[in-house]
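J.: Take a look at this one; I'll ask things after.
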Amino acid sequence: MLWFIIIIILLVVGAVGFYISTYNNMVKSRNWTDEAWSQIDVQLKRRNDLIPNLVSTVKGYAKHEQDTLEKVIKMRNQLVEMPADNRQATMAASNQLTDSLKSVFALSESYPDLKADAEFTKLMEELTNTENKIAYARQLFNSSATRYNNQIQTFPGNILAGAHNFQKTAYLETPVEEKAAPKVSFE
Amino acid sequence: MLFEQIQQNKRKTVYVMIGFFALVLAIGAALGYLFMRNLISGVVVAAILAAVYMAMMIGNSTNVVMQMNHATEVHDASEYPDLWHIVEDMAMVAQVPIPRVFIVDDPSPNAFATGNDPQHAAVAVTTGIMARLNREELEGVIAHEVSHIRNYDIRLQTIALALSAVISMLVNIGSNMLWWGGGRSRDNDREEGASNIIGLVFSILLLILGPLAASIAQMALSRNREYLADASGVELTRNPQGLINALLKISDSEPMQAADPSSAALYISDPFKGLSRSGAHLFDSHPPIEERVAKLRAM
């Protein structure tokens, strides 16, 4: 009889321990993905701050490229106004902005004075840096999301996830061209 | 798999420490026997020397290694913005704290990482690597170095480095004493008879072979870690081609001047280009570049 009680107690303690550690691990993984997203968010904001400087620097040298510059500004404003919780739409807008930024940097090939400008060189490094950080933070986000999704979808974690309403995190899509040549390089 | 590798590395560190320490003590015993006719006092002196050196090295390894390789620290993004930003990127994606960044003024392209753990780590690159590699290639190199940090290879190498430095110090003391002050043992030789000749020969052999064993062990450790760091570096950048191009550029260049011979194993590619050594692969600190490139191409 005594043995029976001890076994029951051990089972209960084991189940509670398992429950607590699984729950905590899920919360930790979810926090990691949120943390990775905030890394992306910081860089998006930084890039939004840098773009007006870039446009005013380029304007001085390349007067006939209004179209390209206006397009960049338009996309930047679109991104600024994007609601913060819509991750997919934010990243889609960000990818478009990346493309149009590339065309601004390509201008430096046709305007040698622009290419030699110290402020422009500095901005180019800063923007390359934010672009790469966005790409790497997205990579980090996706790997954290994979870990989290695996935890909440595999047995027996899925029972616990269902009871506590842990939701699957959607992955951030990588632009097709970046899959071929993963990192942006404006050089 | 990576987690297992890290655990294995931490375990291996302990074995290496024990092995090296035994070698230090054996050399101490040989010295004691040669000059004081007393094994124990030699062992005690060697143990104290090794303990002091290890404590110094573990407390301050980054600074010592950087000084040995004539590296100067870069404190912010203003001097080498691209290098600084790439180190930030790689630390972020590897989920380790941002290491300290150093520059070695040497036209030969190369790089290394050192430290005790990811919280106290540093990477160094030569001015040559900054001049010759483009951003993608530099990213591959830094990813390789940050992988060394994350995999705890740096701790293994720091300890191996410290102990082989102690061994070479002991052997230097020993050979200087043999050269200049060996009188005492010579005087005693005739009286003590033939059995001691064996001990004498054995001691001298140990003095000759000790440093050899130390460097073979250090190099073998390093060789195995390079493939893993290449692979986990590519896992960070998702761009094998960057590292392949970087390795090819690095191998196709002149040997380094500023590098310290005992830290050769730390570098991404042998800084002396195998010039100082014979054709034997036993002493290679790195696997051949062609093999590394072949493995990267297969990814």
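In the structure tokens, chains take the letters A, B, ... in the order shown, each chain's residues start at 1, and ligands count up from 1 in the order shown.
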At most 7 Å is the cut-off: for each residue in chain A with any atom that close to an atom of chain B, write down the nearest atom pair and the distance in Å rounded to one decimal, counting only C-alpha atoms, chain first then increasing number, as a Markdown table.
T.:
```
| residue | atom | partner | partner_atom | distance |
| --- | --- | --- | --- | --- |
| A:Glu125 | CA | B:Asp82 | CA | 6.9 |
| A:Asn129 | CA | B:His85 | CA | 6.2 |
| A:Lys133 | CA | B:Asp89 | CA | 5.9 |
| A:Tyr136 | CA | B:Val93 | CA | 6.1 |
| A:Ala137 | CA | B:Val93 | CA | 6.8 |
| A:Leu140 | CA | B:Val93 | CA | 5.8 |
| A:Pro182 | CA | B:Asn239 | CA | 6.5 |
```
J.: List as a PyMOL selection string the protein and nucleic acid residues near Tyr53 in chain B, meaning an atom at most 9 Å away when only C-alpha atoms are counted, but skip any in the same chain fewer than 6 places from it.
T.: chain B and resi 162-163+165-166
J.: From the set A:Asn142, A:Gln66, A:Asn77, A:Thr174, which residue has the shortest atom-to-atom contact distance to Val104 in chain A, counting only C-alpha atoms?
T.: A:Gln66
J.: Which one is closest to Thr169 in chain A: A:Ala116, A:Ala84, A:Ile152, A:Ala106? Count only C-alpha atoms.
T.: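 Between A:Ala116, A:Ala84, A:Ile152, A:Ala106, the residue approaching Thr169 in chain A most closely is A:Ile152.
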J.: Between B:Met54, B:Glu79, B:Glu235, B:Gln257, which has the minimum distance to Ser143 in chain A (counting only C-alpha atoms)?
T.: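 Ranked by minimum distance to Ser143 in chain A, first place goes to B:Glu235.
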J.: Please identify the alpha helix (DSSP H) residues within range 211-258 of chain B (assignment by DSSP from backbone atoms) and present them as an MDAnalysis selection string.
T.: chainID B and resid 211:237 240:251
J.: Pull N, CA and C atoms from the residues just selected and write them as a compact mmCIF listing (two decimals), in the first residue's frame.
T.:
```
# COMPACT_ATOMS: atom_id res chain seq x y z
N PRO B 211 58.61 19.08 -26.68
CA PRO B 211 57.99 20.14 -27.47
C PRO B 211 57.40 19.62 -28.78
N LEU B 212 58.04 18.58 -29.32
CA LEU B 212 57.54 17.98 -30.56
C LEU B 212 56.15 17.38 -30.33
N ALA B 213 56.03 16.62 -29.23
CA ALA B 213 54.74 16.02 -28.89
C ALA B 213 53.71 17.10 -28.66
N ALA B 214 54.11 18.17 -27.98
CA ALA B 214 53.18 19.26 -27.70
C ALA B 214 52.66 19.87 -28.98
N SER B 215 53.58 20.12 -29.94
CA SER B 215 53.09 20.80 -31.14
C SER B 215 52.29 19.85 -32.02
N ILE B 216 52.64 18.55 -32.03
CA ILE B 216 51.82 17.60 -32.80
C ILE B 216 50.40 17.58 -32.24
N ALA B 217 50.29 17.54 -30.91
CA ALA B 217 48.96 17.49 -30.29
C ALA B 217 48.18 18.76 -30.61
N GLN B 218 48.86 19.90 -30.49
CA GLN B 218 48.19 21.18 -30.73
C GLN B 218 47.70 21.27 -32.18
N MET B 219 48.54 20.84 -33.11
CA MET B 219 48.17 20.93 -34.52
C MET B 219 47.03 19.98 -34.87
N ALA B 220 47.08 18.76 -34.29
CA ALA B 220 46.03 17.79 -34.59
C ALA B 220 44.68 18.30 -34.10
N LEU B 221 44.69 18.90 -32.91
CA LEU B 221 43.46 19.47 -32.38
C LEU B 221 42.90 20.51 -33.33
N SER B 222 43.79 21.37 -33.80
CA SER B 222 43.38 22.48 -34.65
C SER B 222 42.82 21.99 -35.97
N ARG B 223 43.51 21.00 -36.60
CA ARG B 223 43.09 20.50 -37.91
C ARG B 223 41.65 20.04 -37.90
N ASN B 224 41.29 19.29 -36.84
CA ASN B 224 39.93 18.74 -36.78
C ASN B 224 38.88 19.82 -36.64
N ARG B 225 39.24 20.91 -35.98
CA ARG B 225 38.23 21.94 -35.73
C ARG B 225 37.95 22.79 -36.97
N GLU B 226 38.89 22.81 -37.92
CA GLU B 226 38.74 23.72 -39.05
C GLU B 226 37.54 23.33 -39.93
N TYR B 227 37.39 22.04 -40.22
CA TYR B 227 36.27 21.60 -41.05
C TYR B 227 34.95 21.99 -40.41
N LEU B 228 34.87 21.76 -39.09
CA LEU B 228 33.62 22.06 -38.38
C LEU B 228 33.32 23.55 -38.43
N ALA B 229 34.37 24.37 -38.25
CA ALA B 229 34.16 25.82 -38.27
C ALA B 229 33.77 26.28 -39.68
N ASP B 230 34.33 25.67 -40.72
CA ASP B 230 33.92 25.99 -42.09
C ASP B 230 32.43 25.70 -42.26
N ALA B 231 32.04 24.50 -41.82
CA ALA B 231 30.64 24.09 -42.01
C ALA B 231 29.70 24.96 -41.21
N SER B 232 30.03 25.23 -39.94
CA SER B 232 29.06 26.02 -39.16
C SER B 232 29.12 27.49 -39.55
N GLY B 233 30.25 27.93 -40.12
CA GLY B 233 30.28 29.29 -40.65
C GLY B 233 29.33 29.46 -41.81
N VAL B 234 29.31 28.47 -42.69
CA VAL B 234 28.41 28.53 -43.85
C VAL B 234 26.96 28.45 -43.40
N GLU B 235 26.72 27.73 -42.31
CA GLU B 235 25.38 27.68 -41.75
C GLU B 235 24.91 29.08 -41.35
N LEU B 236 25.84 29.93 -40.95
CA LEU B 236 25.49 31.30 -40.57
C LEU B 236 25.25 32.18 -41.79
N THR B 237 26.16 32.13 -42.77
CA THR B 237 26.02 33.04 -43.91
C THR B 237 25.11 32.48 -45.00
N PRO B 240 28.24 29.42 -49.16
CA PRO B 240 29.54 28.75 -49.21
C PRO B 240 30.54 29.45 -50.14
N GLN B 241 30.02 30.04 -51.22
CA GLN B 241 30.91 30.62 -52.22
C GLN B 241 31.79 31.72 -51.63
N GLY B 242 31.22 32.50 -50.71
CA GLY B 242 32.00 33.57 -50.08
C GLY B 242 33.24 33.03 -49.40
N LEU B 243 33.05 31.96 -48.60
CA LEU B 243 34.18 31.38 -47.88
C LEU B 243 35.15 30.69 -48.85
N ILE B 244 34.61 30.04 -49.88
CA ILE B 244 35.47 29.38 -50.87
C ILE B 244 36.40 30.41 -51.51
N ASN B 245 35.81 31.51 -52.00
CA ASN B 245 36.64 32.55 -52.64
C ASN B 245 37.66 33.11 -51.67
N ALA B 246 37.22 33.32 -50.42
CA ALA B 246 38.13 33.87 -49.42
C ALA B 246 39.30 32.92 -49.19
N LEU B 247 39.02 31.62 -49.05
CA LEU B 247 40.09 30.65 -48.79
C LEU B 247 41.06 30.60 -49.96
N LEU B 248 40.52 30.68 -51.18
CA LEU B 248 41.40 30.64 -52.36
C LEU B 248 42.29 31.87 -52.39
N LYS B 249 41.71 33.04 -52.09
CA LYS B 249 42.52 34.27 -52.07
C LYS B 249 43.58 34.20 -50.97
N ILE B 250 43.18 33.66 -49.81
CA ILE B 250 44.11 33.61 -48.68
C ILE B 250 45.26 32.65 -48.99
N SER B 251 44.94 31.51 -49.63
CA SER B 251 46.00 30.53 -49.89
C SER B 251 46.95 31.03 -50.97
```
J.: Need the shell around Ala62 in chain A: protein/DNA/RNA residues with any atom at most 8 Å away, counting only C-alpha atoms. Skip same-chain ones fewer than 3 positions apart. Format as JSON, numbers by chain?
T.: {"A": [58, 59, 65, 107, 111, 114]}
J.: How would the residues just chosen look if you wrote them out with C-alpha atoms as an mmCIF file, in the first residue's frame?
T.:
```
data_model
loop_
_atom_site.group_PDB
_atom_site.id
_atom_site.type_symbol
_atom_site.label_atom_id
_atom_site.label_comp_id
_atom_site.auth_asym_id
_atom_site.auth_seq_id
_atom_site.Cartn_x
_atom_site.Cartn_y
_atom_site.Cartn_z
ATOM 1 C CA VAL A 58 22.008 61.987 -54.241
ATOM 2 C CA LYS A 59 19.781 64.907 -55.347
ATOM 3 C CA GLU A 65 16.922 60.936 -61.501
ATOM 4 C CA LEU A 107 23.333 55.592 -59.924
ATOM 5 C CA TYR A 111 27.726 59.816 -61.589
ATOM 6 C CA LEU A 114 28.469 61.023 -56.413
#
```
J.: Rounded to one decimal in Å, what is the spacing between CA of Phe21 in chain B and CA of Ala47 in chain B?
T.: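 For CA of Phe21 in chain B relative to CA of Ala47 in chain B, the distance reads 8.1 Å.
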J.: Work out how far apart CA of Asn95 in chain A and CA of Ser110 in chain A are and give it in Å to one decimal.
T.: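 For CA of Asn95 in chain A relative to CA of Ser110 in chain A, the distance reads 24.4 Å.
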J.: Contacts of range 127-132 of chain B at 7 Å or less, counting only C-alpha atoms, minus same-chain residues fewer than 5 places along, as a PDB file with N, CA and C atoms, in the first residue's frame?
T.:
```pdb
ATOM      1  N   ILE B 103      42.902  44.404 -35.252  1.00  0.00           N
ATOM      2  CA  ILE B 103      43.520  44.465 -36.578  1.00  0.00           C
ATOM      3  C   ILE B 103      45.012  44.165 -36.442  1.00  0.00           C
ATOM      4  N   VAL B 104      45.531  43.299 -37.311  1.00  0.00           N
ATOM      5  CA  VAL B 104      46.963  43.027 -37.352  1.00  0.00           C
ATOM      6  C   VAL B 104      47.520  43.703 -38.612  1.00  0.00           C
ATOM      7  N   ASP B 105      48.523  44.544 -38.430  1.00  0.00           N
ATOM      8  CA  ASP B 105      49.068  45.274 -39.569  1.00  0.00           C
ATOM      9  C   ASP B 105      50.024  44.367 -40.349  1.00  0.00           C
ATOM     10  N   ASP B 106      49.472  43.610 -41.291  1.00  0.00           N
ATOM     11  CA  ASP B 106      50.280  42.684 -42.088  1.00  0.00           C
ATOM     12  C   ASP B 106      49.622  42.547 -43.457  1.00  0.00           C
ATOM     13  N   PRO B 107      50.408  42.676 -44.524  1.00  0.00           N
ATOM     14  CA  PRO B 107      49.808  42.639 -45.868  1.00  0.00           C
ATOM     15  C   PRO B 107      49.276  41.265 -46.265  1.00  0.00           C
ATOM     16  N   SER B 108      49.672  40.203 -45.558  1.00  0.00           N
ATOM     17  CA  SER B 108      49.166  38.872 -45.907  1.00  0.00           C
ATOM     18  C   SER B 108      47.762  38.687 -45.335  1.00  0.00           C
ATOM     19  N   PRO B 109      46.798  38.215 -46.150  1.00  0.00           N
ATOM     20  CA  PRO B 109      45.437  38.078 -45.646  1.00  0.00           C
ATOM     21  C   PRO B 109      45.304  36.876 -44.712  1.00  0.00           C
ATOM     22  N   ASN B 110      44.778  37.116 -43.517  1.00  0.00           N
ATOM     23  CA  ASN B 110      44.534  36.029 -42.566  1.00  0.00           C
ATOM     24  C   ASN B 110      43.655  36.548 -41.436  1.00  0.00           C
TER      25      ASN B 110
END
```
J.: Rounded to one decimal in Å, what is the spacing between CA of Gly42 in chain B and CA of Gly28 in chain B?
T.: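 So the answer is 4.6 Å.
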J.: List every residue of range 2-214 of chain B that DSSP, applied to the backbone, labels as strand (DSSP E), and write the result as a VMD selection string.
T.: chain B and resid 71 to 74 100 to 104 111 to 115 121 to 126
J.: Got time to write the residues from that selection, C-alpha atoms, as a CSV table (one decimal), in the first residue's frame?
T.:
```
chain,number,residue,atom,x,y,z
B,71,ALA,CA,47.3,43.3,-33.0
B,72,THR,CA,45.6,46.6,-32.1
B,73,GLU,CA,42.1,46.9,-30.9
B,74,VAL,CA,39.3,48.6,-33.0
B,100,ARG,CA,36.2,42.4,-29.4
B,101,VAL,CA,37.7,43.3,-32.8
B,102,PHE,CA,41.4,43.6,-33.5
B,103,ILE,CA,43.5,44.5,-36.6
B,104,VAL,CA,47.0,43.0,-37.4
B,111,ALA,CA,42.3,36.0,-39.5
B,112,PHE,CA,41.9,34.3,-36.1
B,113,ALA,CA,39.7,34.2,-33.0
B,114,THR,CA,40.7,33.7,-29.4
B,115,GLY,CA,39.4,33.9,-25.8
B,121,ALA,CA,36.2,36.4,-27.1
B,122,ALA,CA,38.0,38.4,-29.8
B,123,VAL,CA,38.5,38.2,-33.5
B,124,ALA,CA,41.5,39.6,-35.3
B,125,VAL,CA,42.0,40.2,-39.1
B,126,THR,CA,45.0,41.4,-41.0
```
J.: Please determine, counting only C-alpha atoms, which residue among A:Phe155, A:Phe141, A:Tyr171, A:Phe166 has the shortest atom-to-atom distance to Thr33 in chain A.
T.: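 Of A:Phe155, A:Phe141, A:Tyr171, A:Phe166, the one nearest Thr33 in chain A is A:Phe141, counting only C-alpha atoms.
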J.: Using only C-alpha atoms, pick whichever of A:Thr68, A:Ser108, A:Gln78, A:Asn149 has the shortest atom-to-atom distance to Thr90 in chain A.
T.: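 Ranking A:Thr68, A:Ser108, A:Gln78, A:Asn149 by distance to Thr90 in chain A, first place goes to A:Gln78.
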J.: Give the answer as one residue: which of B:Phe20, B:Phe272, B:Tyr80, B:Tyr33 has the shortest atom-to-atom distance to Lys122 in chain A, using only C-alpha atoms?
T.: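 Closest residue, counting only C-alpha atoms: B:Tyr80.
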